[in-house]
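Coordinates as given in start.cif (mmCIF, C-alpha atoms):
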data_input
loop_
_atom_site.group_PDB
_atom_site.id
_atom_site.type_symbol
_atom_site.label_atom_id
_atom_site.label_comp_id
_atom_site.auth_asym_id
_atom_site.auth_seq_id
_atom_site.Cartn_x
_atom_site.Cartn_y
_atom_site.Cartn_z
ATOM 1 C CA MET F 1 45.703 -7.005 -74.674
ATOM 2 C CA TYR F 2 47.739 -3.867 -74.076
ATOM 3 C CA ASP F 3 51.442 -4.640 -73.786
ATOM 4 C CA ILE F 4 52.183 -2.992 -70.441
ATOM 5 C CA ILE F 5 55.438 -4.827 -69.824
ATOM 6 C CA GLY F 6 56.683 -4.160 -73.343
ATOM 7 C CA LYS F 7 56.245 -0.443 -72.740
ATOM 8 C CA ARG F 8 57.495 -0.556 -69.161
ATOM 9 C CA PHE F 9 60.362 1.834 -69.815
ATOM 10 C CA ARG F 10 57.861 4.525 -70.790
ATOM 11 C CA PHE F 11 56.118 4.038 -67.465
ATOM 12 C CA PHE F 12 59.480 4.061 -65.689
ATOM 13 C CA LEU F 13 60.215 7.391 -67.377
ATOM 14 C CA ILE F 14 56.864 8.872 -66.337
ATOM 15 C CA SER F 15 57.347 7.706 -62.750
ATOM 16 C CA GLY F 16 60.898 9.020 -62.746
ATOM 17 C CA VAL F 17 59.792 12.462 -63.927
ATOM 18 C CA VAL F 18 56.985 12.630 -61.347
ATOM 19 C CA ILE F 19 59.316 11.576 -58.532
ATOM 20 C CA LEU F 20 62.032 13.981 -59.707
ATOM 21 C CA ILE F 21 59.570 16.881 -59.645
ATOM 22 C CA GLY F 22 58.513 15.793 -56.167
ATOM 23 C CA ILE F 23 62.100 15.590 -54.924
ATOM 24 C CA ILE F 24 62.853 19.049 -56.334
ATOM 25 C CA SER F 25 59.756 20.360 -54.570
ATOM 26 C CA LEU F 26 60.780 18.659 -51.330
ATOM 27 C CA ALA F 27 64.240 20.209 -51.617
ATOM 28 C CA GLY F 28 62.806 23.638 -52.410
ATOM 29 C CA PHE F 29 59.603 23.854 -50.382
ATOM 30 C CA GLY F 30 60.131 20.990 -47.964
ATOM 31 C CA LEU F 31 57.280 19.887 -45.744
ATOM 32 C CA LYS F 32 55.976 22.492 -43.342
ATOM 33 C CA ALA F 33 55.785 20.906 -39.921
ATOM 34 C CA GLY F 34 52.466 21.403 -38.180
ATOM 35 C CA ILE F 35 52.091 21.863 -34.473
ATOM 36 C CA ASP F 36 52.176 18.084 -33.942
ATOM 37 C CA PHE F 37 55.789 17.995 -35.145
ATOM 38 C CA SER F 38 57.119 21.322 -33.937
ATOM 39 C CA SER F 39 56.637 23.060 -30.638
ATOM 40 C CA GLY F 40 54.290 26.003 -30.453
ATOM 41 C CA SER F 41 50.714 27.053 -29.923
ATOM 42 C CA LEU F 42 47.785 27.063 -32.308
ATOM 43 C CA LEU F 43 45.004 29.553 -31.666
ATOM 44 C CA THR F 44 41.783 29.702 -33.674
ATOM 45 C CA LEU F 45 39.815 32.939 -33.409
ATOM 46 C CA ASP F 46 36.581 34.340 -34.782
ATOM 47 C CA PHE F 47 36.614 38.119 -35.166
ATOM 48 C CA GLU F 48 33.285 39.891 -34.941
ATOM 49 C CA GLN F 49 34.288 42.348 -37.624
ATOM 50 C CA GLU F 50 35.965 41.300 -40.848
ATOM 51 C CA VAL F 51 39.758 41.349 -40.711
ATOM 52 C CA THR F 52 42.423 40.352 -43.197
ATOM 53 C CA VAL F 53 45.439 38.126 -42.676
ATOM 54 C CA ALA F 54 47.709 41.121 -43.278
ATOM 55 C CA GLU F 55 45.985 43.138 -40.547
ATOM 56 C CA VAL F 56 46.283 40.319 -38.034
ATOM 57 C CA LYS F 57 49.948 39.715 -38.908
ATOM 58 C CA GLN F 58 50.732 43.394 -38.546
ATOM 59 C CA GLU F 59 49.031 43.554 -35.171
ATOM 60 C CA LEU F 60 50.810 40.419 -33.975
ATOM 61 C CA GLY F 61 54.097 41.998 -35.019
ATOM 62 C CA ASN F 62 53.265 45.057 -32.947
ATOM 63 C CA LEU F 63 52.572 42.758 -29.995
ATOM 64 C CA GLY F 64 55.928 40.980 -30.260
ATOM 65 C CA HIS F 65 54.843 37.977 -32.317
ATOM 66 C CA GLY F 66 56.421 38.934 -35.616
ATOM 67 C CA LYS F 67 57.199 35.315 -36.548
ATOM 68 C CA ALA F 68 53.627 34.151 -36.043
ATOM 69 C CA ILE F 69 51.960 32.346 -38.951
ATOM 70 C CA VAL F 70 48.444 33.516 -39.775
ATOM 71 C CA GLN F 71 45.956 31.658 -41.952
ATOM 72 C CA ILE F 72 42.284 32.092 -42.724
ATOM 73 C CA THR F 73 39.834 29.197 -42.976
ATOM 74 C CA GLY F 74 37.040 28.768 -45.477
ATOM 75 C CA GLU F 75 34.587 29.940 -42.813
ATOM 76 C CA GLY F 76 36.563 33.135 -42.274
ATOM 77 C CA ASP F 77 38.097 32.139 -38.936
ATOM 78 C CA ILE F 78 41.685 33.130 -38.220
ATOM 79 C CA ILE F 79 44.297 30.533 -37.261
ATOM 80 C CA ILE F 80 47.368 31.886 -35.492
ATOM 81 C CA ARG F 81 50.441 29.771 -34.887
ATOM 82 C CA THR F 82 53.040 31.201 -32.533
ATOM 83 C CA SER F 83 55.792 30.074 -30.236
ATOM 84 C CA GLU F 84 54.488 28.230 -27.195
ATOM 85 C CA LEU F 85 52.071 30.366 -25.172
ATOM 86 C CA THR F 86 51.104 29.938 -21.559
ATOM 87 C CA THR F 87 47.462 30.400 -20.610
ATOM 88 C CA PRO F 88 48.036 33.932 -19.231
ATOM 89 C CA GLU F 89 49.968 34.876 -22.389
ATOM 90 C CA LYS F 90 47.161 33.546 -24.558
ATOM 91 C CA ILE F 91 44.550 35.514 -22.624
ATOM 92 C CA GLN F 92 46.645 38.675 -22.863
ATOM 93 C CA LEU F 93 47.096 38.198 -26.604
ATOM 94 C CA GLU F 94 43.348 37.854 -27.121
ATOM 95 C CA GLU F 95 42.709 40.970 -25.054
ATOM 96 C CA ASP F 96 45.246 42.966 -27.071
ATOM 97 C CA LEU F 97 43.737 41.789 -30.351
ATOM 98 C CA THR F 98 40.270 42.711 -29.091
ATOM 99 C CA VAL F 99 41.417 46.243 -28.290
ATOM 100 C CA ASN F 100 42.946 46.794 -31.717
ATOM 101 C CA LEU F 101 40.880 44.635 -34.071
ATOM 102 C CA GLY F 102 37.518 44.316 -32.379
ATOM 103 C CA THR F 103 35.707 41.651 -30.399
ATOM 104 C CA VAL F 104 37.191 38.185 -30.793
ATOM 105 C CA GLU F 105 35.946 34.743 -29.798
ATOM 106 C CA GLU F 106 38.294 31.843 -29.119
ATOM 107 C CA LEU F 107 37.299 28.739 -31.068
ATOM 108 C CA GLY F 108 40.231 26.531 -30.209
ATOM 109 C CA PHE F 109 43.627 26.442 -28.555
ATOM 110 C CA GLU F 110 46.311 23.769 -28.391
ATOM 111 C CA SER F 111 49.930 23.821 -27.390
ATOM 112 C CA ILE F 112 52.726 21.302 -27.953
ATOM 113 C CA ASP F 113 56.047 21.476 -26.121
ATOM 114 C CA PRO F 114 59.344 20.610 -27.883
ATOM 115 C CA VAL F 115 59.755 17.237 -26.155
ATOM 116 C CA ILE F 116 56.352 15.965 -27.292
ATOM 117 C CA ALA F 117 56.929 17.308 -30.811
ATOM 118 C CA ARG F 118 60.245 15.456 -31.152
ATOM 119 C CA GLN F 119 58.723 12.299 -29.704
ATOM 120 C CA THR F 120 55.833 12.454 -32.181
ATOM 121 C CA ALA F 121 58.182 12.833 -35.150
ATOM 122 C CA ARG F 122 60.393 9.983 -33.935
ATOM 123 C CA THR F 123 57.410 7.689 -33.340
ATOM 124 C CA ALA F 124 56.037 8.395 -36.813
ATOM 125 C CA ALA F 125 59.392 7.598 -38.447
ATOM 126 C CA ILE F 126 59.728 4.370 -36.463
ATOM 127 C CA ALA F 127 56.184 3.321 -37.401
ATOM 128 C CA VAL F 128 56.883 3.748 -41.118
ATOM 129 C CA ALA F 129 60.208 1.881 -40.865
ATOM 130 C CA ILE F 130 58.656 -1.020 -38.952
ATOM 131 C CA ALA F 131 55.822 -1.195 -41.482
ATOM 132 C CA ALA F 132 58.294 -1.440 -44.378
ATOM 133 C CA VAL F 133 60.318 -4.204 -42.704
ATOM 134 C CA GLY F 134 57.155 -6.082 -41.749
ATOM 135 C CA ILE F 135 55.854 -5.889 -45.311
ATOM 136 C CA LEU F 136 59.157 -7.181 -46.688
ATOM 137 C CA LEU F 137 59.172 -10.166 -44.332
ATOM 138 C CA TYR F 138 55.481 -10.978 -44.749
ATOM 139 C CA ILE F 139 55.492 -10.973 -48.548
ATOM 140 C CA THR F 140 58.715 -12.984 -48.615
ATOM 141 C CA TRP F 141 57.031 -15.575 -46.387
ATOM 142 C CA ALA F 142 53.728 -15.508 -48.302
ATOM 143 C CA PHE F 143 55.517 -16.252 -51.589
ATOM 144 C CA ARG F 144 58.034 -18.656 -50.078
ATOM 145 C CA ARG F 145 57.092 -21.412 -52.547
ATOM 146 C CA MET F 146 57.976 -19.242 -55.514
ATOM 147 C CA PRO F 147 61.523 -18.937 -56.894
ATOM 148 C CA LYS F 148 63.450 -16.174 -55.117
ATOM 149 C CA PRO F 149 60.605 -15.111 -52.778
ATOM 150 C CA PHE F 150 62.713 -12.319 -51.299
ATOM 151 C CA ARG F 151 62.479 -10.621 -54.690
ATOM 152 C CA TYR F 152 58.719 -10.255 -54.264
ATOM 153 C CA GLY F 153 59.101 -8.595 -50.879
ATOM 154 C CA THR F 154 61.793 -6.265 -52.184
ATOM 155 C CA CYS F 155 59.651 -5.220 -55.147
ATOM 156 C CA ALA F 156 56.707 -4.538 -52.837
ATOM 157 C CA VAL F 157 58.845 -2.249 -50.666
ATOM 158 C CA ILE F 158 60.166 -0.455 -53.766
ATOM 159 C CA ALA F 159 56.574 0.029 -54.945
ATOM 160 C CA LEU F 160 55.453 1.502 -51.628
ATOM 161 C CA ILE F 161 58.496 3.807 -51.556
ATOM 162 C CA HIS F 162 57.537 4.955 -55.060
ATOM 163 C CA ASP F 163 53.922 5.619 -54.056
ATOM 164 C CA THR F 164 54.985 7.370 -50.857
ATOM 165 C CA LEU F 165 57.422 9.628 -52.715
ATOM 166 C CA VAL F 166 54.688 10.580 -55.194
ATOM 167 C CA ALA F 167 52.319 11.454 -52.330
ATOM 168 C CA LEU F 168 55.024 13.411 -50.488
ATOM 169 C CA GLY F 169 55.989 15.281 -53.646
ATOM 170 C CA ILE F 170 52.411 16.305 -54.415
ATOM 171 C CA PHE F 171 51.860 17.400 -50.817
ATOM 172 C CA SER F 172 55.115 19.359 -50.869
ATOM 173 C CA ILE F 173 53.983 21.263 -53.969
ATOM 174 C CA LEU F 174 50.606 22.022 -52.391
ATOM 175 C CA SER F 175 52.367 22.949 -49.157
ATOM 176 C CA GLY F 176 54.491 25.503 -50.988
ATOM 177 C CA ILE F 177 51.501 26.929 -52.864
ATOM 178 C CA LEU F 178 48.746 26.726 -50.251
ATOM 179 C CA GLY F 179 50.771 26.635 -47.043
ATOM 180 C CA TRP F 180 49.557 23.189 -45.962
ATOM 181 C CA GLU F 181 51.283 21.683 -42.928
ATOM 182 C CA ILE F 182 51.929 18.073 -41.977
ATOM 183 C CA ASN F 183 50.294 16.733 -38.835
ATOM 184 C CA LEU F 184 49.182 13.411 -37.401
ATOM 185 C CA ILE F 185 46.347 13.191 -39.931
ATOM 186 C CA PHE F 186 48.958 13.517 -42.681
ATOM 187 C CA ILE F 187 50.900 10.591 -41.201
ATOM 188 C CA THR F 188 47.670 8.590 -41.119
ATOM 189 C CA GLY F 189 47.187 9.409 -44.794
ATOM 190 C CA ILE F 190 50.717 8.280 -45.674
ATOM 191 C CA LEU F 191 50.174 5.015 -43.803
ATOM 192 C CA ALA F 192 46.937 4.578 -45.773
ATOM 193 C CA VAL F 193 48.867 5.104 -49.024
ATOM 194 C CA ILE F 194 51.357 2.456 -47.892
ATOM 195 C CA GLY F 195 48.522 0.090 -47.013
ATOM 196 C CA TYR F 196 46.760 0.463 -50.360
ATOM 197 C CA SER F 197 50.070 0.199 -52.200
ATOM 198 C CA VAL F 198 50.938 -3.078 -50.509
ATOM 199 C CA ASN F 199 47.409 -4.420 -50.961
ATOM 200 C CA ASN F 200 47.440 -3.725 -54.697
ATOM 201 C CA THR F 201 50.931 -5.162 -55.048
ATOM 202 C CA VAL F 202 49.981 -8.371 -53.245
ATOM 203 C CA VAL F 203 46.865 -8.775 -55.417
ATOM 204 C CA ILE F 204 48.973 -8.506 -58.576
ATOM 205 C CA PHE F 205 51.699 -10.794 -57.212
ATOM 206 C CA ASP F 206 49.089 -13.373 -56.267
ATOM 207 C CA ARG F 207 47.645 -13.298 -59.778
ATOM 208 C CA ILE F 208 51.138 -13.686 -61.236
ATOM 209 C CA ARG F 209 51.745 -16.685 -58.988
ATOM 210 C CA GLU F 210 48.488 -18.333 -60.047
ATOM 211 C CA ASN F 211 49.206 -17.826 -63.739
ATOM 212 C CA LEU F 212 52.790 -19.054 -63.415
ATOM 213 C CA LEU F 213 51.665 -22.260 -61.715
ATOM 214 C CA LYS F 214 48.931 -23.092 -64.224
ATOM 215 C CA THR F 215 50.898 -22.222 -67.381
ATOM 216 C CA GLU F 216 53.188 -24.728 -69.034
ATOM 217 C CA ARG F 217 56.590 -23.281 -69.889
ATOM 218 C CA PRO F 218 55.525 -19.779 -68.872
ATOM 219 C CA VAL F 219 57.218 -16.713 -70.304
ATOM 220 C CA LEU F 220 57.543 -14.325 -67.372
ATOM 221 C CA GLU F 221 56.833 -11.120 -69.315
ATOM 222 C CA THR F 222 53.733 -12.639 -70.922
ATOM 223 C CA VAL F 223 52.436 -13.919 -67.588
ATOM 224 C CA ILE F 224 53.006 -10.570 -65.865
ATOM 225 C CA ASN F 225 51.270 -8.729 -68.695
ATOM 226 C CA GLN F 226 48.322 -11.121 -68.541
ATOM 227 C CA SER F 227 48.131 -10.813 -64.750
ATOM 228 C CA LEU F 228 48.148 -7.021 -64.863
ATOM 229 C CA GLY F 229 45.385 -6.997 -67.458
ATOM 230 C CA GLU F 230 43.230 -9.404 -65.446
ATOM 231 C CA THR F 231 43.767 -7.405 -62.259
ATOM 232 C CA ILE F 232 42.836 -4.119 -63.930
ATOM 233 C CA VAL F 233 39.663 -5.617 -65.400
ATOM 234 C CA ARG F 234 38.669 -7.147 -62.065
ATOM 235 C CA SER F 235 39.347 -3.905 -60.208
ATOM 236 C CA LEU F 236 37.251 -1.903 -62.679
ATOM 237 C CA ASN F 237 34.399 -4.403 -62.499
ATOM 238 C CA THR F 238 34.515 -4.374 -58.703
ATOM 239 C CA SER F 239 34.574 -0.573 -58.557
ATOM 240 C CA LEU F 240 31.741 -0.128 -61.031
#

Rewrite the structure from the file as structure tokens, please.
Amino acid sequence: MYDIIGKRFRFFLISGVVILIGIISLAGFGLKAGIDFSSGSLLTLDFEQEVTVAEVKQELGNLGHGKAIVQITGEGDIIIRTSELTTPEKIQLEEDLTVNLGTVEELGFESIDPVIARQTARTAAIAVAIAAVGILLYITWAFRRMPKPFRYGTCAVIALIHDTLVALGIFSILSGILGWEINLIFITGILAVIGYSVNNTVVIFDRIRENLLKTERPVLETVINQSLGETIVRSLNTSL
């Protein structure tokens, strides 16, 4: 059996390096807030003739939208993000683009005001905080018959923070390279990461508890190593 616990400091080092890279990326690139978390308008257009992002950005600059963000989708549609537009302003913008860049068809339009954007960000932060506290309390209660049950809950929260930081770091790197933005779907993804993290942690903790209770004079490191090995084997068998 592979000695995972005996080599735990190697794994700590790997995790530390990954998280450090992620934190550096978060400090450098940050997370680009999508329209759900910052006020503005998002307009998706389909130009009849082929246009480039540079051409659209230049034309938007000429029309007074120099800070607009322009992206192109895999299907060739153009996504324009600007400051909040009213319906008349949106119609005028489309007409101006049609005059200078050719016929354009609107595929989608959404607008978020600053109040809703701030409320969305605050609600997301509260949801994550409540989830962490709930996980801590639940696992502490679930393992209440074990010595120092609060330790189990604390470790579970540390594990989910670790997994969340890894996910945030990777997304930050991709955000800096590919221009990805965070939105409500991103928050859903982070909550899914938290859910899977807690689920896996509880499965391992439960196996550790079972092995501790059925082993005479258990050595904690040996029991944890055995439990990890059994969990990995079971997970692989279940997946395959």

Problem set entry | Residue nearest Ile24 in chain F - candidates F:Gly169, F:Gly61, F:Gly76, F:Gly40, atoms counted: all atoms listed in the file |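 Checking each of F:Gly169, F:Gly61, F:Gly76, F:Gly40 against Ile24 in chain F, counting all atoms listed in the file, the winner is F:Gly169.
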
Seminar exercise, completed: Of F:Ile14, F:Arg207, F:Glu105, F:Leu212, the one nearest to Glu230 in chain F when counting all atoms listed in the file is F:Arg207

Problem set entry | Interatomic distance, CA of Ile80 in chain F to CA of Glu94 in chain F (Å, one decimal) |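 Result for CA of Ile80 in chain F versus CA of Glu94 in chain F: 11.0 Å, one decimal.
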
For this session: With the file shown as input, list the residues that the PyMOL selection byres ((chain F and resi 43-46) around 7) selects, as a list in words.
Result: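 Applying the expression gives Ser41, Leu42, Phe47, Glu48, Asp77, Ile78, Ile79, Ile80, Arg81, Val104, Glu105, Glu106, Leu107, Gly108, Phe109 and Glu110 of chain F.
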
Write out the residues from the selection above, keeping C-alpha atoms, as a PDB file, keeping the file's coordinate frame.
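This is the output file part.pdb:
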ATOM      1  CA  SER F  41      50.714  27.053 -29.923  1.00  0.00           C
ATOM      2  CA  LEU F  42      47.785  27.063 -32.308  1.00  0.00           C
ATOM      3  CA  PHE F  47      36.614  38.119 -35.166  1.00  0.00           C
ATOM      4  CA  GLU F  48      33.285  39.891 -34.941  1.00  0.00           C
ATOM      5  CA  ASP F  77      38.097  32.139 -38.936  1.00  0.00           C
ATOM      6  CA  ILE F  78      41.685  33.130 -38.220  1.00  0.00           C
ATOM      7  CA  ILE F  79      44.297  30.533 -37.261  1.00  0.00           C
ATOM      8  CA  ILE F  80      47.368  31.886 -35.492  1.00  0.00           C
ATOM      9  CA  ARG F  81      50.441  29.771 -34.887  1.00  0.00           C
ATOM     10  CA  VAL F 104      37.191  38.185 -30.793  1.00  0.00           C
ATOM     11  CA  GLU F 105      35.946  34.743 -29.798  1.00  0.00           C
ATOM     12  CA  GLU F 106      38.294  31.843 -29.119  1.00  0.00           C
ATOM     13  CA  LEU F 107      37.299  28.739 -31.068  1.00  0.00           C
ATOM     14  CA  GLY F 108      40.231  26.531 -30.209  1.00  0.00           C
ATOM     15  CA  PHE F 109      43.627  26.442 -28.555  1.00  0.00           C
ATOM     16  CA  GLU F 110      46.311  23.769 -28.391  1.00  0.00           C
TER      17      GLU F 110
END

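Ranking F:Val99, F:Ile72, F:Ile91, F:Ala156 by their shortest atom-to-atom distance to Tyr196 in chain F, with all atoms listed in the file included, puts F:Ala156 first.
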
Exercise. Between CA of Ala129 in chain F and CA of Phe11 in chain F, what is the distance, to one decimal in Å?
Worked result: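 These atoms are spaced 27.0 Å apart.
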
Exercise. Taking the file as shown, what set of residues would the PyMOL selection byres ((chain F and resi 181-195) around 10) give back, as a ChimeraX atom specification?
Worked result: /F:31-38,120-121,124-125,127-128,131-132,135,157,159-165,167-168,171-172,174-176,178-180,196-201

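Separating CA of Tyr152 in chain F from CA of Val203 in chain F is a distance of 12.0 Å.
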
Problem set entry | For Gln226 in chain F, the nearest of the candidates F:Ala27, F:Leu213, F:Ile208, F:Leu85, counting all atoms listed in the file |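 Result for the nearest residue to Gln226 in chain F: F:Ile208.
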
Exercise. With distances taken over all atoms listed in the file, which of F:Gly153, F:Pro88, F:Gly28, F:Gly16 is nearest to Ile177 in chain F?
Worked result: F:Gly28

Exercise. Any idea what's packed within 12 Å of Glu59 in chain F, counting all atoms listed in the file, ignoring anything in its chain fewer than 2 positions away? Could you give it as an MDAnalysis selection string?
Worked result: chainID F and resid 51:57 61:68 70 80 93:94 96:102

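Taking only C-alpha atoms, the non-local environment of Thr154 in chain F within 7 Å (same-chain residues fewer than 4 positions away omitted) comprises F:Leu136, F:Phe150, F:Ile158.
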
Exercise. Between F:Ile21, F:Arg209, F:Arg217, F:Ile204, which is the closest to Ser235 in chain F once you count all atoms listed in the file?
Worked result: F:Ile204

Complete the atom set of range 133-157 of chain F to N, CA and C atoms and return it as a PDB file, in the coordinates of the input.
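Okay, this is what ended up in selection09.pdb:
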ATOM      1  N   VAL F 133      59.637  -2.939 -43.002  1.00  0.00           N
ATOM      2  CA  VAL F 133      60.318  -4.204 -42.704  1.00  0.00           C
ATOM      3  C   VAL F 133      59.306  -5.340 -42.581  1.00  0.00           C
ATOM      4  N   GLY F 134      58.191  -5.063 -41.902  1.00  0.00           N
ATOM      5  CA  GLY F 134      57.155  -6.082 -41.749  1.00  0.00           C
ATOM      6  C   GLY F 134      56.586  -6.522 -43.084  1.00  0.00           C
ATOM      7  N   ILE F 135      56.376  -5.573 -43.978  1.00  0.00           N
ATOM      8  CA  ILE F 135      55.854  -5.889 -45.311  1.00  0.00           C
ATOM      9  C   ILE F 135      56.843  -6.768 -46.077  1.00  0.00           C
ATOM     10  N   LEU F 136      58.118  -6.408 -46.002  1.00  0.00           N
ATOM     11  CA  LEU F 136      59.157  -7.181 -46.688  1.00  0.00           C
ATOM     12  C   LEU F 136      59.161  -8.630 -46.209  1.00  0.00           C
ATOM     13  N   LEU F 137      59.120  -8.815 -44.892  1.00  0.00           N
ATOM     14  CA  LEU F 137      59.172 -10.166 -44.332  1.00  0.00           C
ATOM     15  C   LEU F 137      57.899 -10.949 -44.634  1.00  0.00           C
ATOM     16  N   TYR F 138      56.750 -10.279 -44.525  1.00  0.00           N
ATOM     17  CA  TYR F 138      55.481 -10.978 -44.749  1.00  0.00           C
ATOM     18  C   TYR F 138      55.352 -11.465 -46.189  1.00  0.00           C
ATOM     19  N   ILE F 139      55.649 -10.583 -47.143  1.00  0.00           N
ATOM     20  CA  ILE F 139      55.492 -10.973 -48.548  1.00  0.00           C
ATOM     21  C   ILE F 139      56.510 -12.044 -48.922  1.00  0.00           C
ATOM     22  N   THR F 140      57.718 -11.936 -48.370  1.00  0.00           N
ATOM     23  CA  THR F 140      58.715 -12.984 -48.615  1.00  0.00           C
ATOM     24  C   THR F 140      58.203 -14.329 -48.111  1.00  0.00           C
ATOM     25  N   TRP F 141      57.574 -14.327 -46.939  1.00  0.00           N
ATOM     26  CA  TRP F 141      57.031 -15.575 -46.387  1.00  0.00           C
ATOM     27  C   TRP F 141      55.825 -16.057 -47.198  1.00  0.00           C
ATOM     28  N   ALA F 142      54.947 -15.132 -47.581  1.00  0.00           N
ATOM     29  CA  ALA F 142      53.728 -15.508 -48.302  1.00  0.00           C
ATOM     30  C   ALA F 142      54.042 -16.142 -49.654  1.00  0.00           C
ATOM     31  N   PHE F 143      55.150 -15.722 -50.274  1.00  0.00           N
ATOM     32  CA  PHE F 143      55.517 -16.252 -51.589  1.00  0.00           C
ATOM     33  C   PHE F 143      56.738 -17.169 -51.486  1.00  0.00           C
ATOM     34  N   ARG F 144      56.850 -17.829 -50.343  1.00  0.00           N
ATOM     35  CA  ARG F 144      58.034 -18.656 -50.078  1.00  0.00           C
ATOM     36  C   ARG F 144      58.155 -19.844 -51.030  1.00  0.00           C
ATOM     37  N   ARG F 145      57.049 -20.270 -51.634  1.00  0.00           N
ATOM     38  CA  ARG F 145      57.092 -21.412 -52.547  1.00  0.00           C
ATOM     39  C   ARG F 145      57.465 -21.013 -53.973  1.00  0.00           C
ATOM     40  N   MET F 146      57.581 -19.718 -54.195  1.00  0.00           N
ATOM     41  CA  MET F 146      57.976 -19.242 -55.514  1.00  0.00           C
ATOM     42  C   MET F 146      59.493 -19.096 -55.579  1.00  0.00           C
ATOM     43  N   PRO F 147      60.074 -19.152 -56.776  1.00  0.00           N
ATOM     44  CA  PRO F 147      61.523 -18.937 -56.894  1.00  0.00           C
ATOM     45  C   PRO F 147      61.904 -17.534 -56.411  1.00  0.00           C
ATOM     46  N   LYS F 148      62.944 -17.451 -55.628  1.00  0.00           N
ATOM     47  CA  LYS F 148      63.450 -16.174 -55.117  1.00  0.00           C
ATOM     48  C   LYS F 148      62.337 -15.338 -54.467  1.00  0.00           C
ATOM     49  N   PRO F 149      61.728 -15.834 -53.404  1.00  0.00           N
ATOM     50  CA  PRO F 149      60.605 -15.111 -52.778  1.00  0.00           C
ATOM     51  C   PRO F 149      60.996 -13.747 -52.221  1.00  0.00           C
ATOM     52  N   PHE F 150      62.272 -13.606 -51.844  1.00  0.00           N
ATOM     53  CA  PHE F 150      62.713 -12.319 -51.299  1.00  0.00           C
ATOM     54  C   PHE F 150      62.562 -11.204 -52.333  1.00  0.00           C
ATOM     55  N   ARG F 151      62.623 -11.598 -53.612  1.00  0.00           N
ATOM     56  CA  ARG F 151      62.479 -10.621 -54.690  1.00  0.00           C
ATOM     57  C   ARG F 151      61.091  -9.985 -54.671  1.00  0.00           C
ATOM     58  N   TYR F 152      60.082 -10.783 -54.328  1.00  0.00           N
ATOM     59  CA  TYR F 152      58.719 -10.255 -54.264  1.00  0.00           C
ATOM     60  C   TYR F 152      58.594  -9.215 -53.153  1.00  0.00           C
ATOM     61  N   GLY F 153      59.152  -9.542 -51.989  1.00  0.00           N
ATOM     62  CA  GLY F 153      59.101  -8.595 -50.879  1.00  0.00           C
ATOM     63  C   GLY F 153      59.846  -7.309 -51.191  1.00  0.00           C
ATOM     64  N   THR F 154      61.003  -7.448 -51.827  1.00  0.00           N
ATOM     65  CA  THR F 154      61.793  -6.265 -52.184  1.00  0.00           C
ATOM     66  C   THR F 154      61.039  -5.373 -53.164  1.00  0.00           C
ATOM     67  N   CYS F 155      60.410  -5.998 -54.161  1.00  0.00           N
ATOM     68  CA  CYS F 155      59.651  -5.220 -55.147  1.00  0.00           C
ATOM     69  C   CYS F 155      58.467  -4.508 -54.501  1.00  0.00           C
ATOM     70  N   ALA F 156      57.834  -5.166 -53.528  1.00  0.00           N
ATOM     71  CA  ALA F 156      56.707  -4.538 -52.837  1.00  0.00           C
ATOM     72  C   ALA F 156      57.165  -3.304 -52.071  1.00  0.00           C
ATOM     73  N   VAL F 157      58.318  -3.394 -51.410  1.00  0.00           N
ATOM     74  CA  VAL F 157      58.845  -2.249 -50.666  1.00  0.00           C
ATOM     75  C   VAL F 157      59.225  -1.120 -51.624  1.00  0.00           C
TER      76      VAL F 157
END
